Amino acid sequence: MRILLLTHSFNSLAQRMFVELAAHGHEVTVEFDINDAVTMEAVRLAEPDLVIAPFLKRPIPEAVWRRVVCLVVHPGPTGDRGPSALDWAIIEGEKTWGVTVLQAEAEMDAGPVWAWRTFPMRDAAKSSLYRSEVTQAAVAAVHEAVERFSAGRFVPERPAVRPQRPAVRQADRAIDWMHDTTATVLRKIRSGDGNPGVKDTLFGRTVYLYDAHAAPGLAGNPGTVVARSASAIARATTDGAVWIGHVRDPAGPHPFKLPATSVLAGNLAGVPEREVDGPEGYREIRYEEHGPVGVLHFDFYNGAMGTEACRRLQGAYRTALQRPTKVIVLMGGAEFWSNGMNLNLIEASPSPADESWRNINAIDDVSEAIIRTESHLTVAALRGNAGAGGVFLARAADRVWLHEGVVLNPHYKDMGNLYGSELWSYLLPKRAGHEAANRVVQARLPMGAREAVSLGLADEVLDGDRAEFPVRVGEEAQALADEPEWSKLVIAKRRARAADEADKPLSRYRAEELERMRLNFYGFDQSYHVARSNFVRKVVKSRTPVTIARHRDRRLQPAGRKAS
Ligand code: COA
């Protein structure tokens with residue numbers, strides 16, 4: 001079928017739909033919901049059999065849903081209505097939640113239901129639930145709805161709808177530090193994380209809070225800041241304390257999310273410091289060992305790896321290499337494996353060019369350390385998505401295993417034509433071959449797990465529940481550590497590395513990539529700086545890129561038809 005994805009933005013759910021529907025043989029094209037006229041033009045050009053709206057912030061124009069069946073993905077169970085479905089579910093402590101695929105009509109979220117799924121709720125941030133449970137349920141429900149639609153016999157039923165719930169206001173999630181427990185504070189912050197955050201006052205400033213975790217072992221007068229640790233501050237609740245890793249000061253010089261300790265730097269004198277990643281500190285990196293397998297978790301907020309984060313990760317990796325293990329699993333974080341350099345930190349630095357340079361060198365050091373590892377077999381195990389340099393950093397490992405739901409964005413071009421580093425120019429042709437490497441770099445498209453394996457960007461897809469992924473990875477890693485295979489593989493890898501080094505030293509690949517990156521950072525062309533500024537400030541796109549708006553690609557239009 002020809003399917004038009006109509007979406008507010010090409011967010012993780014829209015990307016996953018794009019990948020999934022294409023993998024099922026459908027012809028998929030995308031249009032951002034910018035205004036009614038543009039949407040109607042898209043429908044005219046694409047002539048879809050079906051419109052699917054994975055992420056919309058307003059109703060579909062009547063002229064569109066009267067012309068073609070439009071299926072809207074609502075992140076709530078059947079009958080639920082309103083724009084803040086998941087926010088309310090977290091605030092109200094729902095035990096199960098759901099996703100409904102319903103047909104667009106005049107009344108929002110009240111049309112006939114084509115499919116739905118439910119799932120148990122988890123104590124997690126809204127964005128985490130959205131990227132995991134909601135996405136998984138939405139994909140299953142959309143597949144079912146599409147099958148029903150194409151079979152042509154299914155008659156969708158109108159649900160018994162509840163009154164539409166209003167959007168959550170800041171007052172609905174405001175924290176009362178004098179009375180709220182840790183669990184309540186976490187629920188409130190998580191209901192607005194990643195967006196819009198919880199509005200709060202810290203040291204007399206209005207800021208928005210994100211990235212909250214329980215801080216076991218810490219306590220104090222409710223509302224006071226009782227500790228700091230790397231990027232996070234700990235604030236006391238009535239029965240303990242919470243770590244707050246990121247805040248946004250809308251009136252500050254950098255009105256986007258930044259580490260709490262950098263936004264509040266002038267206010268933290270005398271606040272006791274706890275060792276980062278230590279038992280009482282804010283934890284991003286964690287190492288565990290199961291017999292011959294060492295597992296390194298690195299859960300950086302939004303997968304963004306700044307200079308200091310890379311240095312810490314490199315240190316933890318070095319320490320893990322000292323252990324008498326055979327396999328090291330690089331597990332990344334629960335949400336993202338890595339999204340490359342931390343663009344927010346770069347944007348906020350006094351010299352973004354200098355900080356970009358430091359950051360890319362720090363991430364390259366990690367990549368190089370993984371590639372040069374001779375004592376262990378290494379595995380990058382991706383439970384969450386990866387983008388840009390994060391994808392190539394994963395490819396530095398001997399094996400890349402992906403959860404079946406992972407979406408990769410293995411390209412840098414959307415960030416102002418960045419050339420990219422992380423030794424991709426060595427890794428990609430080596431693993432994928434030159435032709436596939438070129439295709440991957442030029443495409444600017446998200447890629448599903450199976451396609452990534454078919455192209456050599458990854459080695460294996462692990463099916464099953466995402467929550468079970470670490471267990472599956474553990475089993476596979478144990479198998480990899482088994483003698484005598486392990487010894488043979490390690491010897492083969494050392495030989496291959498030595499041969500590659502003799503052919504062209506790694507340092508030369510790195511120097512060549514960095515020379516191009518230097519131009520991106522310091523050269524005449526400001527595209528990277530402009531793209532980064534737009535990205536961190538979330539400047540809304542005014543048109544859909546033609547890479548995904550295929551109906552607007554003149555090269556794909558039948559003769560005589562114009563794209564606009
Ligand atoms: N630095 C800082 N923040 C980042 C980031 C990065 N490299 N990559 C993603 N984020 C943040 C986003 O701003 C967003 O923040 P929010 O919580 O305030 O909404 C969040 O992570 C999720 O990203 P989003 O873009 O909404 O996710 P997505 O699934 O739609 O898209 C990517 C994923 C990877 C395609 C997209 O995030 C991206 O292009 N990131 C930049 C990658 C990059 O160019 N890195 C630098 C070169 S190595």
# chains A, B, ... in the order shown; residues from 1 in each chain; ligands from 1

call {"tool": "residues_near_ligand", "arguments": {"ligand": "ligand 1", "cutoff": "7 Å", "atoms": "only C-alpha atoms and all ligand atoms", "output": "list of chain:residue names"}}
result
A:Phe10, A:Asn11, A:Ser12, A:Asp193, A:Gly194, A:Asn195, A:Lys257, A:Asn302, A:Gly303, A:Ala304, A:Asn339, A:Gly340, A:Met341, A:Asn342, A:Leu343, A:Asn344, A:Ala386, A:Gly387, A:Ala388, A:Gly389, A:Gly390, A:Asn409, A:Tyr412, A:Asp414, A:Met415, A:Gly420, A:Phe535, A:Val536

call {"tool": "select_by_dssp", "arguments": {"residues": "stretch 159-314 of chain A", "states": "helix (DSSP H, G or I)", "output": "number ranges by chain"}}
result
A: 170-173, 182-191, 260-263, 265-267, 301-303, 307-314

call {"tool": "residues_around", "arguments": {"residues": "stretch 425-434 of chain A", "least_positions_apart": "3", "cutoff": "8 Å", "atoms": "only C-alpha atoms", "output": "ChimeraX atom specification"}}
result
/A:392,395-396,421,437-438,455-457,506,509,513

call {"tool": "closest_residue", "arguments": {"among": "A:Arg81, A:Arg16, A:Lys199, A:Arg58", "to": "A:His143", "atoms": "only C-alpha atoms"}}
result
A:Arg16

call {"tool": "select_by_dssp", "arguments": {"residues": "stretch 279-456 of chain A", "states": "strand (DSSP E or B)", "output": "JSON, numbers by chain"}}
result
{"A": [285, 286, 287, 288, 289, 290, 293, 294, 295, 296, 297, 298, 305, 327, 328, 329, 330, 331, 332, 336, 337, 338, 341, 377, 378, 379, 380, 381, 382, 385, 386, 387, 399, 400, 401, 402, 403, 407, 408, 409, 447, 448]}

call {"tool": "atom_distance", "arguments": {"atom1": "atom CA of A:Val207", "atom2": "atom CA of A:Glu347"}}
result
18.6 Å

call {"tool": "residues_around", "arguments": {"residues": "A:Val72", "least_positions_apart": "4", "cutoff": "10 Å", "atoms": "only C-alpha atoms", "output": "compact mmCIF listing (two decimals) with N, CA, C and O atoms, in the first residue's frame"}}
result
# COMPACT_ATOMS: atom_id res chain seq x y z
N LEU A 5 2.73 9.01 6.14
CA LEU A 5 2.83 9.26 7.58
C LEU A 5 2.70 10.76 7.77
O LEU A 5 3.57 11.52 7.30
N LEU A 6 1.66 11.18 8.44
CA LEU A 6 1.47 12.60 8.73
C LEU A 6 1.84 12.79 10.19
O LEU A 6 1.21 12.19 11.08
N THR A 7 2.84 13.61 10.45
CA THR A 7 3.37 13.65 11.81
C THR A 7 3.87 15.05 12.16
O THR A 7 4.33 15.78 11.28
N VAL A 51 -3.60 7.16 5.38
CA VAL A 51 -2.75 8.11 6.11
C VAL A 51 -2.62 7.58 7.53
O VAL A 51 -3.62 7.19 8.14
N ILE A 52 -1.39 7.56 8.03
CA ILE A 52 -1.19 7.16 9.44
C ILE A 52 -0.52 8.32 10.15
O ILE A 52 0.46 8.89 9.66
N ALA A 53 -1.07 8.68 11.31
CA ALA A 53 -0.55 9.81 12.07
C ALA A 53 0.05 9.30 13.38
O ALA A 53 -0.67 9.09 14.36
N PRO A 54 1.37 9.06 13.42
CA PRO A 54 1.96 8.51 14.64
C PRO A 54 2.08 9.54 15.76
O PRO A 54 2.09 9.18 16.93
N PHE A 55 2.20 10.83 15.40
CA PHE A 55 2.46 11.85 16.43
C PHE A 55 1.92 13.19 15.93
O PHE A 55 2.56 13.84 15.11
N LEU A 56 0.73 13.52 16.40
CA LEU A 56 0.11 14.78 15.94
C LEU A 56 -0.22 15.65 17.15
O LEU A 56 -0.49 15.13 18.23
N PRO A 59 -5.85 18.37 15.20
CA PRO A 59 -6.68 17.48 14.37
C PRO A 59 -6.26 17.50 12.90
O PRO A 59 -5.70 18.49 12.42
N ILE A 60 -6.59 16.42 12.22
CA ILE A 60 -6.34 16.33 10.77
C ILE A 60 -7.45 17.12 10.06
O ILE A 60 -8.63 17.03 10.45
N THR A 100 -4.03 3.25 21.28
CA THR A 100 -5.20 2.98 20.45
C THR A 100 -4.97 3.57 19.05
O THR A 100 -4.47 4.69 18.93
N VAL A 101 -5.33 2.80 18.04
CA VAL A 101 -5.27 3.29 16.67
C VAL A 101 -6.70 3.55 16.23
O VAL A 101 -7.49 2.61 16.11
N LEU A 102 -7.04 4.82 16.07
CA LEU A 102 -8.43 5.13 15.73
C LEU A 102 -8.52 6.00 14.48
O LEU A 102 -7.56 6.66 14.09
N GLN A 103 -9.68 5.96 13.91
CA GLN A 103 -9.88 6.68 12.65
C GLN A 103 -10.20 8.14 12.95
O GLN A 103 -11.03 8.44 13.81
N ALA A 104 -9.55 9.03 12.20
CA ALA A 104 -9.77 10.46 12.42
C ALA A 104 -11.16 10.86 11.95
O ALA A 104 -11.64 10.44 10.90
N GLU A 105 -11.80 11.66 12.81
CA GLU A 105 -13.11 12.23 12.49
C GLU A 105 -13.13 13.64 13.05
O GLU A 105 -12.12 14.12 13.57
N MET A 108 -11.92 14.92 18.19
CA MET A 108 -10.59 14.37 18.46
C MET A 108 -10.68 13.09 19.30
O MET A 108 -11.42 13.05 20.29
N ASP A 109 -9.89 12.09 18.93
CA ASP A 109 -9.74 10.84 19.71
C ASP A 109 -11.07 10.11 19.96
O ASP A 109 -11.20 9.38 20.95
N GLY A 111 -12.98 8.67 17.21
CA GLY A 111 -13.37 7.90 16.02
C GLY A 111 -13.37 6.40 16.28
O GLY A 111 -12.97 5.93 17.36
N VAL A 113 -12.37 2.52 16.40
CA VAL A 113 -11.07 1.95 16.77
C VAL A 113 -10.71 0.80 15.83
O VAL A 113 -11.48 -0.15 15.67
N TRP A 114 -9.52 0.87 15.26
CA TRP A 114 -9.05 -0.19 14.35
C TRP A 114 -8.20 -1.23 15.07
O TRP A 114 -8.14 -2.37 14.65
N VAL A 142 -0.58 -0.78 14.92
CA VAL A 142 -0.63 -0.24 13.55
C VAL A 142 -0.54 -1.37 12.53
O VAL A 142 -1.28 -1.39 11.54

call {"tool": "residues_around", "arguments": {"residues": "stretch 241-253 of chain A", "least_positions_apart": "4", "cutoff": "8 Å", "atoms": "only C-alpha atoms", "output": "count of residues only"}}
result
31

call {"tool": "decode", "arguments": {"residues": "stretch 274-290 of chain A", "atoms": "all heavy atoms", "output": "JSON list (two decimals), in the first residue's frame"}}
result
[["chain", "number", "residue", "atom", "x", "y", "z"],
["A", 274, "ARG", "N", 29.49, 14.32, 46.18],
["A", 274, "ARG", "CA", 29.52, 12.85, 46.25],
["A", 274, "ARG", "C", 30.18, 12.34, 44.98],
["A", 274, "ARG", "O", 29.96, 12.88, 43.90],
["A", 274, "ARG", "CB", 28.12, 12.26, 46.32],
["A", 274, "ARG", "CG", 27.29, 12.78, 47.44],
["A", 274, "ARG", "CD", 27.70, 12.14, 48.75],
["A", 274, "ARG", "NE", 27.29, 13.00, 49.85],
["A", 274, "ARG", "CZ", 27.05, 12.58, 51.07],
["A", 274, "ARG", "NH1", 27.22, 11.31, 51.38],
["A", 274, "ARG", "NH2", 26.68, 13.41, 52.01],
["A", 275, "GLU", "N", 30.92, 11.27, 45.15],
["A", 275, "GLU", "CA", 31.69, 10.75, 44.01],
["A", 275, "GLU", "C", 30.73, 10.28, 42.91],
["A", 275, "GLU", "O", 29.81, 9.48, 43.16],
["A", 275, "GLU", "CB", 32.54, 9.57, 44.48],
["A", 275, "GLU", "CG", 33.51, 9.09, 43.44],
["A", 275, "GLU", "CD", 34.04, 7.70, 43.77],
["A", 275, "GLU", "OE1", 33.77, 7.20, 44.88],
["A", 275, "GLU", "OE2", 34.70, 7.11, 42.90],
["A", 276, "VAL", "N", 30.97, 10.80, 41.69],
["A", 276, "VAL", "CA", 30.11, 10.40, 40.58],
["A", 276, "VAL", "C", 30.31, 8.91, 40.29],
["A", 276, "VAL", "O", 31.41, 8.38, 40.41],
["A", 276, "VAL", "CB", 30.40, 11.25, 39.31],
["A", 276, "VAL", "CG1", 31.82, 11.07, 38.82],
["A", 276, "VAL", "CG2", 29.42, 10.91, 38.20],
["A", 277, "ASP", "N", 29.22, 8.24, 39.98],
["A", 277, "ASP", "CA", 29.18, 6.80, 39.71],
["A", 277, "ASP", "C", 29.49, 5.96, 40.95],
["A", 277, "ASP", "O", 29.57, 4.74, 40.86],
["A", 277, "ASP", "CB", 30.13, 6.40, 38.55],
["A", 277, "ASP", "CG", 29.84, 7.17, 37.26],
["A", 277, "ASP", "OD1", 28.66, 7.46, 37.01],
["A", 277, "ASP", "OD2", 30.79, 7.48, 36.52],
["A", 278, "GLY", "N", 29.70, 6.64, 42.09],
["A", 278, "GLY", "CA", 29.93, 5.92, 43.34],
["A", 278, "GLY", "C", 28.60, 5.53, 43.97],
["A", 278, "GLY", "O", 27.54, 5.93, 43.49],
["A", 279, "PRO", "N", 28.65, 4.78, 45.09],
["A", 279, "PRO", "CA", 27.40, 4.26, 45.66],
["A", 279, "PRO", "C", 26.44, 5.37, 46.12],
["A", 279, "PRO", "O", 25.23, 5.19, 46.07],
["A", 279, "PRO", "CB", 27.87, 3.41, 46.85],
["A", 279, "PRO", "CG", 29.31, 3.74, 47.05],
["A", 279, "PRO", "CD", 29.84, 4.32, 45.79],
["A", 280, "GLU", "N", 26.97, 6.51, 46.54],
["A", 280, "GLU", "CA", 26.08, 7.58, 47.02],
["A", 280, "GLU", "C", 25.97, 8.72, 46.02],
["A", 280, "GLU", "O", 25.36, 9.75, 46.31],
["A", 280, "GLU", "CB", 26.61, 8.13, 48.35],
["A", 280, "GLU", "CG", 26.21, 7.29, 49.53],
["A", 280, "GLU", "CD", 26.16, 8.10, 50.81],
["A", 280, "GLU", "OE1", 26.75, 9.20, 50.85],
["A", 280, "GLU", "OE2", 25.54, 7.63, 51.77],
["A", 281, "GLY", "N", 26.59, 8.55, 44.86],
["A", 281, "GLY", "CA", 26.60, 9.64, 43.89],
["A", 281, "GLY", "C", 25.59, 9.44, 42.77],
["A", 281, "GLY", "O", 24.83, 8.47, 42.75],
["A", 282, "TYR", "N", 25.59, 10.38, 41.87],
["A", 282, "TYR", "CA", 24.75, 10.30, 40.68],
["A", 282, "TYR", "C", 25.42, 9.30, 39.74],
["A", 282, "TYR", "O", 26.62, 9.40, 39.47],
["A", 282, "TYR", "CB", 24.69, 11.70, 40.07],
["A", 282, "TYR", "CG", 24.01, 11.84, 38.75],
["A", 282, "TYR", "CD1", 22.65, 11.70, 38.64],
["A", 282, "TYR", "CD2", 24.74, 12.17, 37.61],
["A", 282, "TYR", "CE1", 22.01, 11.88, 37.42],
["A", 282, "TYR", "CE2", 24.13, 12.35, 36.39],
["A", 282, "TYR", "CZ", 22.76, 12.20, 36.30],
["A", 282, "TYR", "OH", 22.14, 12.39, 35.09],
["A", 283, "ARG", "N", 24.66, 8.33, 39.29],
["A", 283, "ARG", "CA", 25.28, 7.22, 38.57],
["A", 283, "ARG", "C", 24.92, 7.23, 37.09],
["A", 283, "ARG", "O", 23.75, 7.12, 36.74],
["A", 283, "ARG", "CB", 24.87, 5.88, 39.17],
["A", 283, "ARG", "CG", 25.27, 5.73, 40.60],
["A", 283, "ARG", "CD", 25.12, 4.29, 41.04],
["A", 283, "ARG", "NE", 26.36, 3.57, 40.77],
["A", 283, "ARG", "CZ", 26.61, 2.35, 41.22],
["A", 283, "ARG", "NH1", 25.70, 1.71, 41.91],
["A", 283, "ARG", "NH2", 27.74, 1.76, 40.95],
["A", 284, "GLU", "N", 25.94, 7.33, 36.27],
["A", 284, "GLU", "CA", 25.73, 7.19, 34.83],
["A", 284, "GLU", "C", 26.46, 5.96, 34.32],
["A", 284, "GLU", "O", 26.03, 5.32, 33.38],
["A", 284, "GLU", "CB", 26.24, 8.44, 34.10],
["A", 284, "GLU", "CG", 25.39, 9.67, 34.35],
["A", 284, "GLU", "CD", 25.95, 10.91, 33.73],
["A", 284, "GLU", "OE1", 27.18, 11.15, 33.84],
["A", 284, "GLU", "OE2", 25.17, 11.68, 33.13],
["A", 285, "ILE", "N", 27.60, 5.66, 34.95],
["A", 285, "ILE", "CA", 28.40, 4.51, 34.50],
["A", 285, "ILE", "C", 28.40, 3.45, 35.60],
["A", 285, "ILE", "O", 28.59, 3.76, 36.78],
["A", 285, "ILE", "CB", 29.84, 4.95, 34.18],
["A", 285, "ILE", "CG1", 29.84, 5.99, 33.06],
["A", 285, "ILE", "CG2", 30.70, 3.75, 33.81],
["A", 285, "ILE", "CD1", 31.19, 6.54, 32.70],
["A", 286, "ARG", "N", 28.20, 2.22, 35.19],
["A", 286, "ARG", "CA", 28.13, 1.13, 36.17],
["A", 286, "ARG", "C", 28.75, -0.11, 35.53],
["A", 286, "ARG", "O", 28.51, -0.38, 34.35],
["A", 286, "ARG", "CB", 26.66, 0.89, 36.49],
["A", 286, "ARG", "CG", 26.35, -0.08, 37.58],
["A", 286, "ARG", "CD", 24.90, 0.11, 38.03],
["A", 286, "ARG", "NE", 23.96, -0.06, 36.92],
["A", 286, "ARG", "CZ", 23.50, -1.23, 36.49],
["A", 286, "ARG", "NH1", 23.92, -2.35, 37.05],
["A", 286, "ARG", "NH2", 22.64, -1.31, 35.51],
["A", 287, "TYR", "N", 29.54, -0.81, 36.33],
["A", 287, "TYR", "CA", 30.19, -2.03, 35.81],
["A", 287, "TYR", "C", 29.70, -3.22, 36.62],
["A", 287, "TYR", "O", 29.60, -3.16, 37.84],
["A", 287, "TYR", "CB", 31.71, -1.90, 35.93],
["A", 287, "TYR", "CG", 32.45, -3.15, 35.52],
["A", 287, "TYR", "CD1", 32.61, -3.47, 34.17],
["A", 287, "TYR", "CD2", 32.98, -4.02, 36.48],
["A", 287, "TYR", "CE1", 33.28, -4.63, 33.79],
["A", 287, "TYR", "CE2", 33.66, -5.18, 36.09],
["A", 287, "TYR", "CZ", 33.79, -5.47, 34.74],
["A", 287, "TYR", "OH", 34.44, -6.62, 34.36],
["A", 288, "GLU", "N", 29.38, -4.30, 35.95],
["A", 288, "GLU", "CA", 29.05, -5.54, 36.67],
["A", 288, "GLU", "C", 29.75, -6.70, 35.96],
["A", 288, "GLU", "O", 30.10, -6.60, 34.79],
["A", 288, "GLU", "CB", 27.54, -5.76, 36.74],
["A", 288, "GLU", "CG", 26.86, -5.77, 35.40],
["A", 288, "GLU", "CD", 25.34, -5.91, 35.50],
["A", 288, "GLU", "OE1", 24.81, -6.11, 36.59],
["A", 288, "GLU", "OE2", 24.70, -5.82, 34.44],
["A", 289, "GLU", "N", 29.93, -7.77, 36.71],
["A", 289, "GLU", "CA", 30.68, -8.89, 36.16],
["A", 289, "GLU", "C", 29.92, -10.19, 36.41],
["A", 289, "GLU", "O", 29.39, -10.41, 37.49],
["A", 289, "GLU", "CB", 32.03, -8.95, 36.88],
["A", 289, "GLU", "CG", 33.14, -9.46, 36.01],
["A", 289, "GLU", "CD", 34.49, -9.22, 36.67],
["A", 289, "GLU", "OE1", 35.02, -8.10, 36.56],
["A", 289, "GLU", "OE2", 35.00, -10.16, 37.31],
["A", 290, "HIS", "N", 29.85, -11.01, 35.37],
["A", 290, "HIS", "CA", 29.22, -12.32, 35.51],
["A", 290, "HIS", "C", 30.20, -13.35, 34.96],
["A", 290, "HIS", "O", 30.26, -13.55, 33.74],
["A", 290, "HIS", "CB", 27.90, -12.38, 34.73],
["A", 290, "HIS", "CG", 26.97, -11.27, 35.09],
["A", 290, "HIS", "ND1", 26.16, -11.32, 36.20],
["A", 290, "HIS", "CD2", 26.75, -10.06, 34.52],
["A", 290, "HIS", "CE1", 25.46, -10.20, 36.28],
["A", 290, "HIS", "NE2", 25.81, -9.41, 35.28]]
